[in-house]
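K.L.:
Dumping the structure here so I can ask a few things about it.
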Amino acid sequence: MTTGQCGRATSAGYGTSLLQQAVSEGLRDRFFLFDRSLPDGPRLLVAQENELLESLGWIDRLVTRIRKGWQVRLTIKSQETPHRNFIQLTPDVLLIRAWLHLDRRQLRRTFDHHAINPVLETVIDHSTMLPEHAAFLSNEWLAIGLPIQVIHEINEVLTSLNSALSDDNLRSRERNFLRASQKELGSLDTYSASLVHRHQSLQCVRIDLGYRGVTNPISRTSFEEVHQSARKHFNKLIARLKHDFYMSMPGHIRKIEYSSGAGYHYHCLFFFTSTPGLDIHDIGERIGEHWCVNATQGRGAYFDWSRLTRAGSRKDAHCAVNGPDLHVAFQYLTRLDRYLRLSIGRGHTLIKGKQM
């Protein structure tokens, strides 16, 4: 990962981590930093966020397995002594390990302005019944065998969790939590369909906007003040883009996100008409430069998805509005809300620009 002027980030390629698998499923793209010049402390915070989000994705899979009726538990493969019980290493064991390793307090500190999906919170709360058991699922312990008591205690909590996940009240709370993200996803489809109806042929540019050294202003001022400041910066950007592109940019979508490591940032889609002389491949960089230089007075950073490379070749992030790539982008904008929902008072975290 490298950054250019104004904190522009480019990717050197894709990894094969579990996090990257979650990224490909639309959980959240977390494998870049807006500014590689961040000091070690903030950079470590971002790395911790990556691990937390990866764990949430695996816990969600654990819930799905349990609800589908799979007997998710530790199964003894062979037994030598009461303290040397070898368990069969299955995908379920990896899910259980991710569940037990998640640090609930760290999750709360990192995403301190978020509500957690009640189902995920229930699963995480059950892991507190096994405060010392995560270490027993390390590769070292798996190699020498687990004490029989540890296996029984983990399986007992999994049985309790299975019962808790079937509770009707919990399912109702889950539906209420998910309703907002489902509604937002539907509204994005409606918004894009309306744009297509008005303008027929459209393309979109996908770009992320944030700040250099994002943790510094967060520590000095309140979250609400940061929100107001970022909103003013984005409004300045939109005013400049309307001046530059006028009727060529009939709409846009922006999703607000915040965490203690990555700070306050936007994930954006900008829609453009097929106007003669308008090079869609250069627009992302122009938007990013406007954000850095004009809107934030040099404090901004951006990631232009058209610069994303895979296996050494260019992967274009510009897509036709009626293409399948746009729906993937919509899922990217709303999927995180299935797990964590940012609260900014009466404001909305997903905003659609007024259509022109």
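Identifiers in the structure tokens: chain A, B, ... in order shown; residue index from 1 per chain; ligand index from 1 in order shown.
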Please return as a ChimeraX atom specification: the residues of segment 86-281 of chain A that backbone DSSP assigns to strand (DSSP E).

P.N.:
/A:86-87,114-116,202-211,251-259,263-273

K.L.:
Residues of the last selection are to be written out with N, CA and C atoms, as a compact mmCIF listing (two decimals), in the first residue's frame.

P.N.:
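Heads up, here's the output in out-v5.txt:
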# COMPACT_ATOMS: atom_id res chain seq x y z
N PHE A 86 -7.70 -35.00 21.54
CA PHE A 86 -7.50 -34.36 20.25
C PHE A 86 -8.84 -34.19 19.54
N ILE A 87 -9.14 -32.96 19.18
CA ILE A 87 -10.43 -32.69 18.53
C ILE A 87 -10.23 -32.61 17.02
N HIS A 114 -21.59 3.19 18.08
CA HIS A 114 -22.36 2.23 17.31
C HIS A 114 -23.24 1.36 18.21
N ALA A 115 -24.37 0.96 17.63
CA ALA A 115 -25.19 -0.10 18.22
C ALA A 115 -24.80 -1.41 17.56
N ILE A 116 -24.80 -2.49 18.33
CA ILE A 116 -24.41 -3.80 17.81
C ILE A 116 -25.66 -4.63 17.55
N LEU A 202 -25.83 6.24 -17.89
CA LEU A 202 -25.07 6.82 -16.79
C LEU A 202 -23.89 5.91 -16.42
N GLN A 203 -22.88 6.52 -15.84
CA GLN A 203 -21.78 5.79 -15.24
C GLN A 203 -21.55 6.34 -13.84
N CYS A 204 -20.90 5.55 -12.98
CA CYS A 204 -20.64 6.02 -11.63
C CYS A 204 -19.18 5.86 -11.27
N VAL A 205 -18.73 6.73 -10.39
CA VAL A 205 -17.37 6.70 -9.88
C VAL A 205 -17.44 6.39 -8.40
N ARG A 206 -16.62 5.44 -7.96
CA ARG A 206 -16.62 5.00 -6.57
C ARG A 206 -15.33 5.49 -5.89
N ILE A 207 -15.49 6.23 -4.80
CA ILE A 207 -14.34 6.83 -4.14
C ILE A 207 -14.60 6.95 -2.64
N ASP A 208 -13.58 6.79 -1.83
CA ASP A 208 -13.66 6.95 -0.38
C ASP A 208 -12.92 8.22 0.02
N LEU A 209 -13.52 8.99 0.91
CA LEU A 209 -12.96 10.27 1.33
C LEU A 209 -12.78 10.29 2.84
N GLY A 210 -11.62 10.70 3.29
CA GLY A 210 -11.36 10.76 4.73
C GLY A 210 -10.37 11.86 5.06
N TYR A 211 -9.60 11.66 6.12
CA TYR A 211 -8.69 12.69 6.61
C TYR A 211 -7.33 12.11 6.90
N GLY A 251 -26.43 13.11 -9.77
CA GLY A 251 -26.70 12.59 -8.44
C GLY A 251 -25.47 11.98 -7.80
N HIS A 252 -25.58 11.72 -6.51
CA HIS A 252 -24.50 11.05 -5.79
C HIS A 252 -25.06 10.38 -4.54
N ILE A 253 -24.29 9.46 -3.99
CA ILE A 253 -24.63 8.77 -2.74
C ILE A 253 -23.41 8.81 -1.84
N ARG A 254 -23.63 9.07 -0.56
CA ARG A 254 -22.51 9.01 0.38
C ARG A 254 -22.93 8.29 1.66
N LYS A 255 -22.05 7.45 2.15
CA LYS A 255 -22.27 6.69 3.38
C LYS A 255 -21.22 7.12 4.40
N ILE A 256 -21.70 7.53 5.57
CA ILE A 256 -20.81 8.00 6.63
C ILE A 256 -20.39 6.84 7.51
N GLU A 257 -19.10 6.77 7.81
CA GLU A 257 -18.61 5.78 8.76
C GLU A 257 -17.62 6.44 9.71
N TYR A 258 -17.51 5.84 10.90
CA TYR A 258 -16.58 6.36 11.90
C TYR A 258 -16.09 5.22 12.78
N SER A 259 -14.82 5.27 13.12
CA SER A 259 -14.26 4.38 14.13
C SER A 259 -13.06 5.07 14.74
N GLY A 263 -11.13 6.85 11.91
CA GLY A 263 -11.71 8.18 12.02
C GLY A 263 -12.99 8.33 11.23
N TYR A 264 -13.29 9.55 10.86
CA TYR A 264 -14.53 9.90 10.17
C TYR A 264 -14.27 9.87 8.66
N HIS A 265 -15.10 9.17 7.91
CA HIS A 265 -14.86 9.08 6.47
C HIS A 265 -16.16 8.77 5.73
N TYR A 266 -16.12 9.00 4.43
CA TYR A 266 -17.26 8.77 3.54
C TYR A 266 -16.91 7.71 2.50
N HIS A 267 -17.89 6.86 2.20
CA HIS A 267 -17.82 5.98 1.02
C HIS A 267 -18.83 6.53 0.02
N CYS A 268 -18.38 6.82 -1.19
CA CYS A 268 -19.21 7.60 -2.11
C CYS A 268 -19.35 6.94 -3.48
N LEU A 269 -20.49 7.22 -4.10
CA LEU A 269 -20.73 6.93 -5.51
C LEU A 269 -21.21 8.23 -6.16
N PHE A 270 -20.53 8.64 -7.22
CA PHE A 270 -20.92 9.82 -7.98
C PHE A 270 -21.37 9.38 -9.36
N PHE A 271 -22.54 9.87 -9.79
CA PHE A 271 -23.13 9.47 -11.06
C PHE A 271 -22.90 10.56 -12.11
N PHE A 272 -22.52 10.12 -13.33
CA PHE A 272 -22.23 11.06 -14.41
C PHE A 272 -22.90 10.59 -15.69
N THR A 273 -23.34 11.57 -16.46
CA THR A 273 -23.93 11.29 -17.76
C THR A 273 -22.82 11.07 -18.78

K.L.:
So, counting only C-alpha atoms, which residue among A:Ser260, A:Ser187, A:Ser172, A:Asn85 is closest to Gln149 of chain A?

P.N.:
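Residue with the minimum atom-to-atom distance to Gln149 of chain A: A:Asn85.
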
K.L.:
I'd like a table as a tab-separated table: residues in segment 63-97 of chain A with an atom no more than 12 Å from segment 132-136 of chain A, each row giving the shortest atom pair and its distance in Å to one decimal, only C-alpha atoms counted, sorted by chain and rising residue number.

P.N.:
residue	atom	partner	partner_atom	distance
A:Leu74	CA	A:Phe136	CA	11.7
A:His83	CA	A:Phe136	CA	11.5
A:Arg84	CA	A:Phe136	CA	11.6
A:Asn85	CA	A:Phe136	CA	11.4
A:Phe86	CA	A:Phe136	CA	11.4
A:Ile87	CA	A:Phe136	CA	11.2
A:Val93	CA	A:Ala134	CA	11.3
A:Leu94	CA	A:Ala134	CA	11.2
A:Leu95	CA	A:Ala134	CA	11.6
A:Ile96	CA	A:Ala134	CA	8.8
A:Arg97	CA	A:Ala134	CA	6.4

K.L.:
Between atom CA of Arg67 of chain A and atom CA of Leu165 of chain A, what distance in Å does the model show, to one decimal?

P.N.:
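Atom-to-atom, atom CA of Arg67 of chain A to atom CA of Leu165 of chain A, that is 7.3 Å.
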
K.L.:
Can you list, as a list of chain:residue names, every residue of segment 47-95 of chain A that DSSP puts in alpha helix (DSSP H)?

P.N.:
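Matching residues, listed in order: A:Ala47, A:Gln48, A:Glu49, A:Asn50, A:Glu51, A:Leu52, A:Leu53, A:Glu54, A:Ser55, A:Leu56, A:Gly57, A:Trp58, A:Ile59, A:Asp60, A:Arg61, A:Leu62, A:Val63, A:Thr64, A:Arg65, A:Ile66, A:Arg67, A:Pro91, A:Asp92, A:Val93, A:Leu94, A:Leu95.
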
K.L.:
Quick one: pull the distance between atom CA of Thr128 of chain A and atom CA of Leu161 of chain A, Å, one decimal.

P.N.:
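Atom CA of Thr128 of chain A sits 12.0 Å away from atom CA of Leu161 of chain A.
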
K.L.:
Taking 2 positions as the minimum chain separation for residues in the same chain, which residues sit within 12 Å of Asn294 of chain A when counting only C-alpha atoms? Answer as a compact mmCIF listing (two decimals) with C-alpha atoms, in the first residue's frame.

P.N.:
# COMPACT_ATOMS: atom_id res chain seq x y z
CA CYS A 6 -2.97 14.47 -0.42
CA LYS A 232 -19.35 21.25 5.91
CA HIS A 233 -16.34 19.86 4.08
CA PHE A 234 -18.53 17.56 1.98
CA ASN A 235 -20.95 20.37 1.17
CA LYS A 236 -18.00 22.43 -0.09
CA LEU A 237 -16.94 19.51 -2.26
CA ILE A 238 -20.42 19.13 -3.75
CA ALA A 239 -20.62 22.85 -4.50
CA ARG A 240 -17.31 22.65 -6.36
CA LEU A 241 -18.35 19.55 -8.30
CA ARG A 286 -10.29 15.15 -9.74
CA ILE A 287 -12.84 14.56 -6.98
CA GLY A 288 -10.11 13.41 -4.62
CA GLU A 289 -7.94 16.43 -5.32
CA HIS A 290 -10.88 18.78 -4.76
CA TRP A 291 -11.54 17.07 -1.43
CA CYS A 292 -7.92 17.35 -0.34
CA THR A 296 -10.52 20.27 3.66
CA GLN A 297 -7.65 22.76 3.14
CA GLY A 298 -5.02 20.05 2.86
CA ARG A 299 -6.32 17.77 5.63
CA GLY A 300 -8.14 15.36 3.35
CA ALA A 301 -7.20 11.97 1.97
